[in-house]
Amino acid sequence: MAVGLAVGLFLIVLVLIIAQPRGLSIGWTALGGALVALLLGIVSWPNVVTVVGIVWDATLTFVAVILISLILDAVGFFEWSALHMIRLARGHGIRLFLLLGVLGALVAMFFANDGAALILTPIVYEQAKALKLDPKATLALIMASGFIADTTSLPLVVSNLVNIVSAGYFHLGFGSYALRMVPVDAVALVASLGVLYLFYRRSLPTTASTAAVPAPASAIKDPRVFRAAWIVLGLLLLGYFASQFVHWPVAIFAGGAAVGLLVIAHRSPVVTIPPLIRNAPWKIVVFSIGMYVVVFGLRNVGLTHLLGTVLTALAAHGDFVGIVGTGVVGALLSSVMNNMPTVLINALAIHDAAVRPALHIAMAYANVVGCDLGPKFTPIGSLATLLWLHVLERRGVSITWGYYVRVGITLTVPVLLITLAALWGWSQVLG
């Protein structure tokens, strides 16, 4: 009876979150699901306290990073970066594709995958129009931007909300996480660019005239805030690494940087603070708490423990199978039920897996890889992808679910396996 209630509630909440009927907010849906779980006795108030302890740092950090991204976008930071890459390409189509891919990876690294997908993709689209690229070449660059945003969101704790949640749950310090994942992300970037090139090589332009492309400096809408942002970002990066040594939540440093930029930009003619704050993803805070309370219901009825036995069985065949298997499980679950609930379901299962501590940590990183890359299989794999498709549709670029799934599976499978193999190899080096 309890298992049926927990699974049924989880599925109903998941469907409503993905479908969002009549614009129903994902935050209200998740919160409603959490209240129903409490009323049905599937979870308890101590469970709620546990969930808040797990996700508060992750969600507030994410909100702060997106706020920083919105301010930088308003002052032209990302357009300035894209124009520099276009100039560096010097009219060479393949070089343009590679440089925009590297830019996407850097934006995902420091400003989260959502920032890379939702802010950089429209810029790439507009610049493709300025370059007078044909529709096939434009679609190739847009798909590459969306794909790179997720597949290269591994390197830092702040590169993806999934990373922040996992780091908080398994107590992974910022520096330790970066040491483990930056090399793995480099492999993911090379693999992503490789498969994207092979898939779209006939669509990519051989040349791209940059005569109509403006100078990068023309993109800067507020030089004062633009210059100050570099100082704030430098201090923020130092704060991130310091967080591991002073044992402070990452949200304190990210929040401090966001507040600092807001103060600097409050007199800017191009940054309107009130709507910017309103447009920050506050609903993610409510969504994360509510959704994870619902997920805890699955844990309370023993389903995550059952998944833990599956992971234990995989690990019994050796570290390679344990690491790759954990990542594949995370990817498959993310593709069908979204990566946000998946990351915690798998984290709880890893916690229950009967493996040695070092393999526990390696499997935690494999879960990050699976939940970062798995959403590329289907449009419902992440909320950011659904919003990304909506943003493109508003610009007249229609990507059907059938096309997305076909491309997603073709591209993601090799990148996922190569990245997980790299994680295993680097884990052996680090011991």
# chains A, B, ... in the order shown; residues from 1 in each chain; ligands from 1
>>> select_by_dssp(residues="segment 374-425 of chain A", states="helix (DSSP H, G or I)", output="PyMOL selection string")
chain A and resi 374-377+379-381+383-394+401-425
>>> residues_around(residues="segment 33-41 of chain A", least_positions_apart="2", cutoff="10 Å", atoms="only C-alpha atoms", output="list in words")
Ala2, Leu5, Ala6, Leu9, Phe10, Ile12, Val13, Leu14, Gly27, Trp28, Thr29, Ala30, Leu31, Val43, Ser44, Trp45, Asn47, Val48, Phe287, Ile289, Gly290, Met291, Tyr292, Val293, Val294, Val295, Phe296 and Gly297 of chain A
>>> closest_atom_pairs(of="segment 339-371 of chain A", to="segment 142-166 of chain A", cutoff="10 Å", atoms="only C-alpha atoms", output="CSV")
residue,atom,partner,partner_atom,distance
A:Asn339,CA,A:Val162,CA,7.5
A:Met340,CA,A:Val162,CA,6.7
A:Pro341,CA,A:Val162,CA,9.6
A:Thr342,CA,A:Val162,CA,9.3
A:Val343,CA,A:Val162,CA,6.5
A:Leu344,CA,A:Ser166,CA,7.7
A:Asn346,CA,A:Ser166,CA,9.8
A:Ala347,CA,A:Ser166,CA,7.2
A:Ala364,CA,A:Ser166,CA,7.1
A:Tyr365,CA,A:Ser166,CA,8.1
A:Asn367,CA,A:Ser166,CA,8.3
A:Val368,CA,A:Asn163,CA,6.1
A:Val369,CA,A:Leu154,CA,6.8
A:Gly370,CA,A:Thr151,CA,9.7
A:Cys371,CA,A:Val162,CA,6.9
>>> write_last_selection(atoms="N, CA and C atoms", output="PDB file, in the first residue's frame")
ATOM      1  N   ASN A 339      16.421  14.987 -14.558  1.00  0.00           N
ATOM      2  CA  ASN A 339      17.648  14.759 -13.792  1.00  0.00           C
ATOM      3  C   ASN A 339      17.586  15.263 -12.354  1.00  0.00           C
ATOM      4  N   MET A 340      16.672  16.185 -12.052  1.00  0.00           N
ATOM      5  CA  MET A 340      16.630  16.706 -10.686  1.00  0.00           C
ATOM      6  C   MET A 340      16.187  15.663  -9.660  1.00  0.00           C
ATOM      7  N   PRO A 341      15.059  14.966  -9.868  1.00  0.00           N
ATOM      8  CA  PRO A 341      14.757  13.894  -8.916  1.00  0.00           C
ATOM      9  C   PRO A 341      15.751  12.741  -9.006  1.00  0.00           C
ATOM     10  N   THR A 342      16.262  12.487 -10.220  1.00  0.00           N
ATOM     11  CA  THR A 342      17.169  11.351 -10.402  1.00  0.00           C
ATOM     12  C   THR A 342      18.430  11.484  -9.570  1.00  0.00           C
ATOM     13  N   VAL A 343      19.003  12.693  -9.509  1.00  0.00           N
ATOM     14  CA  VAL A 343      20.281  12.848  -8.822  1.00  0.00           C
ATOM     15  C   VAL A 343      20.162  12.477  -7.349  1.00  0.00           C
ATOM     16  N   LEU A 344      19.031  12.810  -6.717  1.00  0.00           N
ATOM     17  CA  LEU A 344      18.883  12.452  -5.311  1.00  0.00           C
ATOM     18  C   LEU A 344      18.513  10.986  -5.146  1.00  0.00           C
ATOM     19  N   ASN A 346      19.463   8.538  -7.019  1.00  0.00           N
ATOM     20  CA  ASN A 346      20.715   7.792  -7.176  1.00  0.00           C
ATOM     21  C   ASN A 346      21.670   8.040  -6.011  1.00  0.00           C
ATOM     22  N   ALA A 347      21.674   9.261  -5.485  1.00  0.00           N
ATOM     23  CA  ALA A 347      22.544   9.550  -4.337  1.00  0.00           C
ATOM     24  C   ALA A 347      22.144   8.702  -3.136  1.00  0.00           C
ATOM     25  N   ALA A 364      29.598   8.465  -6.815  1.00  0.00           N
ATOM     26  CA  ALA A 364      28.919   9.765  -6.677  1.00  0.00           C
ATOM     27  C   ALA A 364      29.270  10.658  -7.864  1.00  0.00           C
ATOM     28  N   TYR A 365      30.538  10.663  -8.260  1.00  0.00           N
ATOM     29  CA  TYR A 365      30.941  11.446  -9.428  1.00  0.00           C
ATOM     30  C   TYR A 365      30.331  10.875 -10.707  1.00  0.00           C
ATOM     31  N   ASN A 367      27.500   9.442 -10.907  1.00  0.00           N
ATOM     32  CA  ASN A 367      26.106   9.886 -10.878  1.00  0.00           C
ATOM     33  C   ASN A 367      25.973  11.301 -11.440  1.00  0.00           C
ATOM     34  N   VAL A 368      26.948  12.157 -11.108  1.00  0.00           N
ATOM     35  CA  VAL A 368      26.956  13.518 -11.652  1.00  0.00           C
ATOM     36  C   VAL A 368      27.060  13.477 -13.173  1.00  0.00           C
ATOM     37  N   VAL A 369      27.991  12.666 -13.688  1.00  0.00           N
ATOM     38  CA  VAL A 369      28.160  12.550 -15.137  1.00  0.00           C
ATOM     39  C   VAL A 369      26.861  12.076 -15.791  1.00  0.00           C
ATOM     40  N   GLY A 370      26.262  11.038 -15.223  1.00  0.00           N
ATOM     41  CA  GLY A 370      25.026  10.501 -15.792  1.00  0.00           C
ATOM     42  C   GLY A 370      23.895  11.503 -15.776  1.00  0.00           C
ATOM     43  N   CYS A 371      23.762  12.235 -14.668  1.00  0.00           N
ATOM     44  CA  CYS A 371      22.654  13.190 -14.538  1.00  0.00           C
ATOM     45  C   CYS A 371      22.906  14.492 -15.286  1.00  0.00           C
TER      46      CYS A 371
END
>>> closest_residue(among="A:Gly322, A:Gly408, A:Gly104, A:Pro357", to="Ile380 of chain A", atoms="only C-alpha atoms")
A:Gly408
>>> closest_residue(among="A:Gly256, A:Gly239, A:Gly194, A:Gly396", to="Phe174 of chain A", atoms="only C-alpha atoms")
A:Gly239
>>> residues_around(residues="segment 77-86 of chain A", least_positions_apart="4", cutoff="10 Å", atoms="only C-alpha atoms", output="MDAnalysis selection string")
chainID A and resid 69:73 90:93 95:104 107 115:116 119:120 122:124 126:128 131 208:210 213:223 225:227 229:230
>>> residues_around(residues="Gly234 of chain A", least_positions_apart="6", cutoff="12 Å", atoms="only C-alpha atoms", output="PDB file with C-alpha atoms, in the first residue's frame")
ATOM      1  CA  PHE A 110      31.420  29.279 -14.505  1.00  0.00           C
ATOM      2  CA  ARG A 227      35.083  46.168 -15.721  1.00  0.00           C
ATOM      3  CA  ALA A 228      33.877  45.699 -12.157  1.00  0.00           C
ATOM      4  CA  TYR A 240      34.841  29.064  -4.190  1.00  0.00           C
ATOM      5  CA  PHE A 241      38.196  27.392  -3.502  1.00  0.00           C
ATOM      6  CA  PHE A 253      30.334  33.245  -1.688  1.00  0.00           C
ATOM      7  CA  ALA A 254      27.995  33.065  -4.690  1.00  0.00           C
ATOM      8  CA  ALA A 257      29.111  38.076  -5.402  1.00  0.00           C
TER       9      ALA A 257
END
>>> closest_residue(among="A:Ala315, A:Val391, A:Asn338, A:Pro281", to="Arg356 of chain A", atoms="only C-alpha atoms")
A:Ala315
>>> closest_residue(among="A:Gly425, A:Gly260, A:Gly32, A:Pro21", to="Met181 of chain A", atoms="only C-alpha atoms")
A:Gly425
>>> residues_around(residues="Phe320 of chain A", least_positions_apart="3", cutoff="7 Å", atoms="only C-alpha atoms", output="ChimeraX atom specification")
/A:323-324,424
>>> closest_residue(among="A:Thr121, A:Ser334, A:Thr59, A:Thr309", to="Gly255 of chain A", atoms="only C-alpha atoms")
A:Thr59
>>> closest_residue(among="A:Ala117, A:Ala366, A:Ala58, A:Gly325", to="His390 of chain A", atoms="only C-alpha atoms")
A:Ala117
>>> decode(residues="segment 75-94 of chain A", atoms="N, CA and C atoms", output="mmCIF file, in the first residue's frame")
data_model
loop_
_atom_site.group_PDB
_atom_site.id
_atom_site.type_symbol
_atom_site.label_atom_id
_atom_site.label_comp_id
_atom_site.auth_asym_id
_atom_site.auth_seq_id
_atom_site.Cartn_x
_atom_site.Cartn_y
_atom_site.Cartn_z
ATOM 1 N N VAL A 75 24.767 43.652 -19.452
ATOM 2 C CA VAL A 75 25.834 44.610 -19.805
ATOM 3 C C VAL A 75 26.638 44.172 -21.026
ATOM 4 N N GLY A 76 26.244 43.044 -21.642
ATOM 5 C CA GLY A 76 26.866 42.616 -22.892
ATOM 6 C C GLY A 76 28.046 41.682 -22.770
ATOM 7 N N PHE A 77 28.263 41.105 -21.587
ATOM 8 C CA PHE A 77 29.431 40.258 -21.346
ATOM 9 C C PHE A 77 29.477 39.051 -22.290
ATOM 10 N N PHE A 78 28.363 38.355 -22.435
ATOM 11 C CA PHE A 78 28.355 37.128 -23.227
ATOM 12 C C PHE A 78 28.390 37.424 -24.718
ATOM 13 N N GLU A 79 27.724 38.491 -25.138
ATOM 14 C CA GLU A 79 27.794 38.870 -26.552
ATOM 15 C C GLU A 79 29.214 39.304 -26.906
ATOM 16 N N TRP A 80 29.861 40.043 -26.012
ATOM 17 C CA TRP A 80 31.260 40.437 -26.200
ATOM 18 C C TRP A 80 32.138 39.199 -26.375
ATOM 19 N N SER A 81 31.902 38.184 -25.549
ATOM 20 C CA SER A 81 32.684 36.942 -25.629
ATOM 21 C C SER A 81 32.455 36.237 -26.959
ATOM 22 N N ALA A 82 31.182 36.154 -27.374
ATOM 23 C CA ALA A 82 30.863 35.473 -28.633
ATOM 24 C C ALA A 82 31.480 36.192 -29.824
ATOM 25 N N LEU A 83 31.430 37.514 -29.809
ATOM 26 C CA LEU A 83 32.008 38.279 -30.914
ATOM 27 C C LEU A 83 33.521 38.084 -30.999
ATOM 28 N N HIS A 84 34.171 37.958 -29.848
ATOM 29 C CA HIS A 84 35.611 37.674 -29.853
ATOM 30 C C HIS A 84 35.891 36.323 -30.507
ATOM 31 N N MET A 85 35.079 35.314 -30.188
ATOM 32 C CA MET A 85 35.273 33.995 -30.785
ATOM 33 C C MET A 85 35.053 34.037 -32.297
ATOM 34 N N ILE A 86 34.029 34.796 -32.718
ATOM 35 C CA ILE A 86 33.748 34.906 -34.149
ATOM 36 C C ILE A 86 34.909 35.586 -34.867
ATOM 37 N N ARG A 87 35.452 36.624 -34.252
ATOM 38 C CA ARG A 87 36.614 37.302 -34.850
ATOM 39 C C ARG A 87 37.828 36.365 -34.915
ATOM 40 N N LEU A 88 38.023 35.584 -33.855
ATOM 41 C CA LEU A 88 39.157 34.653 -33.831
ATOM 42 C C LEU A 88 39.050 33.583 -34.910
ATOM 43 N N ALA A 89 37.814 33.263 -35.305
ATOM 44 C CA ALA A 89 37.610 32.240 -36.340
ATOM 45 C C ALA A 89 38.135 32.697 -37.697
ATOM 46 N N ARG A 90 38.198 34.028 -37.910
ATOM 47 C CA ARG A 90 38.764 34.612 -39.132
ATOM 48 C C ARG A 90 38.143 34.044 -40.404
ATOM 49 N N GLY A 91 36.817 33.854 -40.343
ATOM 50 C CA GLY A 91 36.087 33.432 -41.536
ATOM 51 C C GLY A 91 36.112 31.946 -41.809
ATOM 52 N N HIS A 92 36.770 31.171 -40.950
ATOM 53 C CA HIS A 92 36.859 29.714 -41.146
ATOM 54 C C HIS A 92 35.686 29.045 -40.427
ATOM 55 N N GLY A 93 34.833 28.349 -41.174
ATOM 56 C CA GLY A 93 33.608 27.785 -40.611
ATOM 57 C C GLY A 93 33.836 26.769 -39.514
ATOM 58 N N ILE A 94 34.747 25.834 -39.725
ATOM 59 C CA ILE A 94 34.998 24.789 -38.731
ATOM 60 C C ILE A 94 35.627 25.394 -37.477
#
